[in-house]
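Presented below is the structure to which this report refers.
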Amino acid sequence: MMNQQRSYTLRQYVVICIGTNALDDYEEQTMKIIHDLEPGHKLILMTPYNARADADSNSSKLAVLERRLPAKCKFITVADWGKIVAQHPEVFKGIDGVHFGGIRAGDILYAKVINQALQVAKHSAVKED
């Protein structure tokens, strides 16, 4: 994101998918992204999903944080992958409950979740100073 900002190639809609590899300082890192994003952009955060994670896992706590952010920052939209894919366990059939590569239904659903968030973000504000 920062490299694209410096080279003036960052698009208005910025989609960040941290995934299930959230670090212990997930909140600090997420807030850094929000802070460092320059004015004029809309931020879409995609919640992670891990079928094996409990509420104490970093990825689960990250999802909770991301879902709360639009109330504080009007330029943020959530693509709630974690909520939507939980209703579609078939996209992980025979695999680990995190990765769906090679399963067409997962690819399609992932794209739909991002596209739906982009449609919602159309009506949101851009980040201001």
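Every chain in the structure tokens has a letter given in the order shown (A, B, ...), and although residue numbers restart at 1 in each chain, ligands are simply numbered from 1 in the order shown.
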
request  = Compile the contact shell of segment 25-27 of chain A as a list in words: residues with an atom at most 8 Å away, counting only C-alpha atoms, same-chain residues fewer than 3 positions apart removed.
outcome  = Ala22, Thr30, Met31, Asn58, Leu62 and Leu65 of chain A

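Proximity to Lys72 of chain A was assessed for A:Thr20, A:Ile95, A:Lys127, A:Val15 counting only C-alpha atoms; the smallest distance is recorded for A:Lys127.
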
query = Near Glu66 of chain A, counting only C-alpha atoms, which residues have an atom at most 12 Å away, once you skip same-chain residues fewer than 2 positions from it, shown as an MDAnalysis selection string?
reply = chainID A and resid 16:19 26:27 29:31 33:34 43:48 59:64 68:73 76:82

Keeping only N, CA and C atoms, write those residues as a tab-separated table (two decimals), in the first residue's frame.
```
chain	number	residue	atom	x	y	z
A	16	ILE	N	-7.85	-4.75	1.67
A	16	ILE	CA	-6.83	-5.40	2.49
A	16	ILE	C	-7.42	-6.69	3.06
A	17	CYS	N	-6.75	-7.79	2.78
A	17	CYS	CA	-7.15	-9.11	3.29
A	17	CYS	C	-5.98	-9.65	4.10
A	18	ILE	N	-5.97	-9.42	5.40
A	18	ILE	CA	-4.87	-9.88	6.24
A	18	ILE	C	-4.91	-11.39	6.38
A	19	GLY	N	-6.07	-11.95	6.42
A	19	GLY	CA	-6.19	-13.40	6.50
A	19	GLY	C	-5.96	-13.93	7.89
A	26	TYR	N	-1.94	-7.38	15.89
A	26	TYR	CA	-2.90	-7.18	14.80
A	26	TYR	C	-3.62	-5.84	14.90
A	27	GLU	N	-3.97	-5.43	16.12
A	27	GLU	CA	-4.69	-4.17	16.27
A	27	GLU	C	-3.80	-2.99	15.90
A	29	GLN	N	-1.19	-3.02	13.96
A	29	GLN	CA	-0.91	-3.05	12.52
A	29	GLN	C	-2.12	-2.59	11.70
A	30	THR	N	-3.30	-2.97	12.11
A	30	THR	CA	-4.52	-2.54	11.41
A	30	THR	C	-4.69	-1.03	11.53
A	31	MET	N	-4.47	-0.51	12.73
A	31	MET	CA	-4.61	0.93	12.93
A	31	MET	C	-3.53	1.70	12.15
A	33	ILE	N	-2.37	0.79	9.19
A	33	ILE	CA	-2.88	0.84	7.82
A	33	ILE	C	-3.88	1.99	7.68
A	34	ILE	N	-4.79	2.08	8.62
A	34	ILE	CA	-5.82	3.12	8.59
A	34	ILE	C	-5.18	4.50	8.67
A	43	LEU	N	-11.33	2.33	2.17
A	43	LEU	CA	-10.67	1.12	2.62
A	43	LEU	C	-11.69	0.00	2.82
A	44	ILE	N	-11.40	-1.15	2.24
A	44	ILE	CA	-12.22	-2.33	2.42
A	44	ILE	C	-11.38	-3.38	3.13
A	45	LEU	N	-11.83	-3.80	4.30
A	45	LEU	CA	-11.13	-4.81	5.09
A	45	LEU	C	-11.90	-6.12	5.00
A	46	MET	N	-11.22	-7.17	4.58
A	46	MET	CA	-11.85	-8.47	4.46
A	46	MET	C	-11.54	-9.30	5.70
A	47	THR	N	-12.57	-9.71	6.40
A	47	THR	CA	-12.37	-10.48	7.62
A	47	THR	C	-11.80	-11.86	7.29
A	48	PRO	N	-10.96	-12.38	8.19
A	48	PRO	CA	-10.40	-13.70	7.98
A	48	PRO	C	-11.37	-14.80	8.38
A	59	SER	N	-6.70	-14.23	14.57
A	59	SER	CA	-7.55	-13.98	13.41
A	59	SER	C	-9.00	-13.73	13.82
A	60	SER	N	-9.49	-14.41	14.83
A	60	SER	CA	-10.85	-14.17	15.31
A	60	SER	C	-10.97	-12.79	15.94
A	61	LYS	N	-9.98	-12.40	16.71
A	61	LYS	CA	-10.00	-11.07	17.34
A	61	LYS	C	-9.86	-9.98	16.28
A	62	LEU	N	-9.07	-10.25	15.23
A	62	LEU	CA	-8.95	-9.29	14.14
A	62	LEU	C	-10.30	-9.07	13.46
A	63	ALA	N	-11.03	-10.14	13.22
A	63	ALA	CA	-12.34	-10.04	12.58
A	63	ALA	C	-13.29	-9.17	13.42
A	64	VAL	N	-13.27	-9.34	14.72
A	64	VAL	CA	-14.11	-8.53	15.61
A	64	VAL	C	-13.71	-7.06	15.48
A	68	ARG	N	-15.95	-3.67	13.74
A	68	ARG	CA	-16.28	-2.48	14.53
A	68	ARG	C	-15.81	-1.17	13.87
A	69	LEU	N	-14.84	-1.25	12.99
A	69	LEU	CA	-14.20	-0.05	12.45
A	69	LEU	C	-15.10	0.86	11.61
A	70	PRO	N	-16.02	0.35	10.80
A	70	PRO	CA	-16.85	1.27	10.01
A	70	PRO	C	-17.66	2.26	10.85
A	71	ALA	N	-17.99	1.89	12.07
A	71	ALA	CA	-18.73	2.82	12.94
A	71	ALA	C	-17.85	4.00	13.34
A	72	LYS	N	-16.54	3.79	13.36
A	72	LYS	CA	-15.60	4.85	13.75
A	72	LYS	C	-15.04	5.60	12.55
A	73	CYS	N	-14.88	4.91	11.45
A	73	CYS	CA	-14.25	5.48	10.25
A	73	CYS	C	-15.19	5.26	9.07
A	76	ILE	N	-14.36	3.20	5.81
A	76	ILE	CA	-14.06	1.78	5.88
A	76	ILE	C	-15.33	0.96	5.65
A	77	THR	N	-15.20	-0.05	4.82
A	77	THR	CA	-16.25	-1.02	4.56
A	77	THR	C	-15.68	-2.40	4.89
A	78	VAL	N	-16.52	-3.27	5.42
A	78	VAL	CA	-16.07	-4.62	5.74
A	78	VAL	C	-16.62	-5.59	4.70
A	79	ALA	N	-15.73	-6.40	4.15
A	79	ALA	CA	-16.10	-7.54	3.32
A	79	ALA	C	-16.04	-8.72	4.29
A	80	ASP	N	-17.19	-9.16	4.76
A	80	ASP	CA	-17.21	-10.12	5.86
A	80	ASP	C	-17.10	-11.57	5.39
A	81	TRP	N	-15.91	-11.89	4.89
A	81	TRP	CA	-15.60	-13.25	4.45
A	81	TRP	C	-15.85	-14.25	5.58
A	82	GLY	N	-15.41	-13.91	6.77
A	82	GLY	CA	-15.55	-14.82	7.90
A	82	GLY	C	-16.99	-15.21	8.16
```

DSSP strand (DSSP E or B) residues within segment 1-122 of chain A, listed as an MDAnalysis selection string:
chainID A and resid 13:16 42:46 76:79

| said: Residues of segment 1-128 of chain A classed as helix (DSSP H, G or I) by DSSP on the backbone are to be reported as a ChimeraX atom specification. | reply: /A:2-6,26-36,58-72,81-85,89-92,104-121

May I have the residues from that selection written out with C-alpha atoms, as a CSV table (one decimal), in the first residue's frame?
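Below is the file again.csv, written as the result:
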```
chain,number,residue,atom,x,y,z
A,2,MET,CA,2.7,2.4,1.0
A,3,ASN,CA,4.8,1.8,-2.2
A,4,GLN,CA,1.7,2.4,-4.3
A,5,GLN,CA,0.9,5.6,-2.4
A,6,ARG,CA,4.5,6.8,-2.9
A,26,TYR,CA,-2.9,-7.2,14.8
A,27,GLU,CA,-4.7,-4.2,16.3
A,28,GLU,CA,-1.6,-1.9,16.1
A,29,GLN,CA,-0.9,-3.0,12.5
A,30,THR,CA,-4.5,-2.5,11.4
A,31,MET,CA,-4.6,0.9,12.9
A,32,LYS,CA,-1.3,1.7,11.2
A,33,ILE,CA,-2.9,0.8,7.8
A,34,ILE,CA,-5.8,3.1,8.6
A,35,HIS,CA,-3.6,5.9,9.8
A,36,ASP,CA,-1.1,5.6,6.9
A,58,ASN,CA,-5.6,-13.5,16.6
A,59,SER,CA,-7.6,-14.0,13.4
A,60,SER,CA,-10.9,-14.2,15.3
A,61,LYS,CA,-10.0,-11.1,17.3
A,62,LEU,CA,-8.9,-9.3,14.1
A,63,ALA,CA,-12.3,-10.0,12.6
A,64,VAL,CA,-14.1,-8.5,15.6
A,65,LEU,CA,-11.9,-5.4,15.4
A,66,GLU,CA,-12.5,-5.1,11.6
A,67,ARG,CA,-16.3,-5.4,12.0
A,68,ARG,CA,-16.3,-2.5,14.5
A,69,LEU,CA,-14.2,-0.1,12.5
A,70,PRO,CA,-16.8,1.3,10.0
A,71,ALA,CA,-18.7,2.8,12.9
A,72,LYS,CA,-15.6,4.9,13.7
A,81,TRP,CA,-15.6,-13.3,4.5
A,82,GLY,CA,-15.6,-14.8,7.9
A,83,LYS,CA,-19.3,-14.6,8.3
A,84,ILE,CA,-20.3,-15.5,4.8
A,85,VAL,CA,-17.9,-18.4,4.2
A,89,PRO,CA,-18.4,-25.2,4.4
A,90,GLU,CA,-18.5,-26.9,1.0
A,91,VAL,CA,-15.8,-24.6,-0.2
A,92,PHE,CA,-13.3,-26.3,2.1
A,104,ARG,CA,-14.1,-23.1,-7.9
A,105,ALA,CA,-17.0,-22.5,-5.5
A,106,GLY,CA,-14.5,-20.9,-3.1
A,107,ASP,CA,-13.0,-18.7,-5.8
A,108,ILE,CA,-16.4,-17.5,-6.9
A,109,LEU,CA,-17.6,-16.8,-3.3
A,110,TYR,CA,-14.5,-14.9,-2.4
A,111,ALA,CA,-14.9,-12.7,-5.5
A,112,LYS,CA,-18.5,-12.1,-4.7
A,113,VAL,CA,-17.7,-11.1,-1.1
A,114,ILE,CA,-15.2,-8.5,-2.4
A,115,ASN,CA,-17.5,-7.3,-5.1
A,116,GLN,CA,-20.4,-6.8,-2.7
A,117,ALA,CA,-18.2,-4.8,-0.4
A,118,LEU,CA,-17.1,-2.6,-3.3
A,119,GLN,CA,-20.7,-2.0,-4.1
A,120,VAL,CA,-21.4,-0.9,-0.6
A,121,ALA,CA,-18.2,1.2,-0.5
```

- Task: Please identify all polymer residues within 9 Å of His41 of chain A, counting only C-alpha atoms, omitting same-chain residues fewer than 6 positions from it, and present them as JSON, numbers by chain.
- Result: {"A": [10, 11, 12, 13, 14, 75, 125, 126, 127, 128]}

Take the selection from the previous step and output its residues with N, CA, C and O atoms, as a PDB file, in the first residue's frame.
```pdb
ATOM      1  N   LEU A  10      -1.846   4.009  -6.198  1.00  0.00           N
ATOM      2  CA  LEU A  10      -2.868   3.401  -5.337  1.00  0.00           C
ATOM      3  C   LEU A  10      -4.242   3.876  -5.786  1.00  0.00           C
ATOM      4  O   LEU A  10      -4.499   5.075  -5.893  1.00  0.00           O
ATOM      5  N   ARG A  11      -5.101   2.934  -6.052  1.00  0.00           N
ATOM      6  CA  ARG A  11      -6.455   3.261  -6.518  1.00  0.00           C
ATOM      7  C   ARG A  11      -7.313   3.796  -5.377  1.00  0.00           C
ATOM      8  O   ARG A  11      -6.958   3.680  -4.212  1.00  0.00           O
ATOM      9  N   GLN A  12      -8.461   4.353  -5.738  1.00  0.00           N
ATOM     10  CA  GLN A  12      -9.344   4.934  -4.727  1.00  0.00           C
ATOM     11  C   GLN A  12      -9.836   3.866  -3.749  1.00  0.00           C
ATOM     12  O   GLN A  12      -9.895   4.094  -2.544  1.00  0.00           O
ATOM     13  N   TYR A  13     -10.184   2.681  -4.258  1.00  0.00           N
ATOM     14  CA  TYR A  13     -10.659   1.585  -3.413  1.00  0.00           C
ATOM     15  C   TYR A  13      -9.457   0.697  -3.071  1.00  0.00           C
ATOM     16  O   TYR A  13      -8.810   0.158  -3.964  1.00  0.00           O
ATOM     17  N   VAL A  14      -9.206   0.532  -1.782  1.00  0.00           N
ATOM     18  CA  VAL A  14      -8.075  -0.256  -1.312  1.00  0.00           C
ATOM     19  C   VAL A  14      -8.627  -1.440  -0.526  1.00  0.00           C
ATOM     20  O   VAL A  14      -9.298  -1.250   0.488  1.00  0.00           O
ATOM     21  N   PHE A  75     -14.978   5.812   6.039  1.00  0.00           N
ATOM     22  CA  PHE A  75     -14.371   5.419   4.766  1.00  0.00           C
ATOM     23  C   PHE A  75     -14.018   3.929   4.738  1.00  0.00           C
ATOM     24  O   PHE A  75     -13.469   3.445   3.755  1.00  0.00           O
ATOM     25  N   ALA A 125     -18.015   7.404   2.348  1.00  0.00           N
ATOM     26  CA  ALA A 125     -17.141   8.574   2.207  1.00  0.00           C
ATOM     27  C   ALA A 125     -15.728   8.123   1.874  1.00  0.00           C
ATOM     28  O   ALA A 125     -15.348   6.976   2.092  1.00  0.00           O
ATOM     29  N   VAL A 126     -14.935   9.050   1.360  1.00  0.00           N
ATOM     30  CA  VAL A 126     -13.501   8.816   1.229  1.00  0.00           C
ATOM     31  C   VAL A 126     -12.822   9.325   2.478  1.00  0.00           C
ATOM     32  O   VAL A 126     -13.373  10.148   3.212  1.00  0.00           O
ATOM     33  N   LYS A 127     -11.626   8.848   2.710  1.00  0.00           N
ATOM     34  CA  LYS A 127     -10.878   9.322   3.867  1.00  0.00           C
ATOM     35  C   LYS A 127     -10.530  10.792   3.666  1.00  0.00           C
ATOM     36  O   LYS A 127     -10.114  11.206   2.588  1.00  0.00           O
ATOM     37  N   GLU A 128     -10.742  11.555   4.701  1.00  0.00           N
ATOM     38  CA  GLU A 128     -10.389  12.972   4.680  1.00  0.00           C
ATOM     39  C   GLU A 128      -9.185  13.183   5.574  1.00  0.00           C
ATOM     40  O   GLU A 128      -8.779  12.280   6.288  1.00  0.00           O
TER      41      GLU A 128
END
```

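The space separating atom CA of Leu23 of chain A from atom CA of Asp129 of chain A comes to 28.2 Å.
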
Atom pair atom CA of Gly94 of chain A + atom CA of Ala55 of chain A, distance 23.7 Å
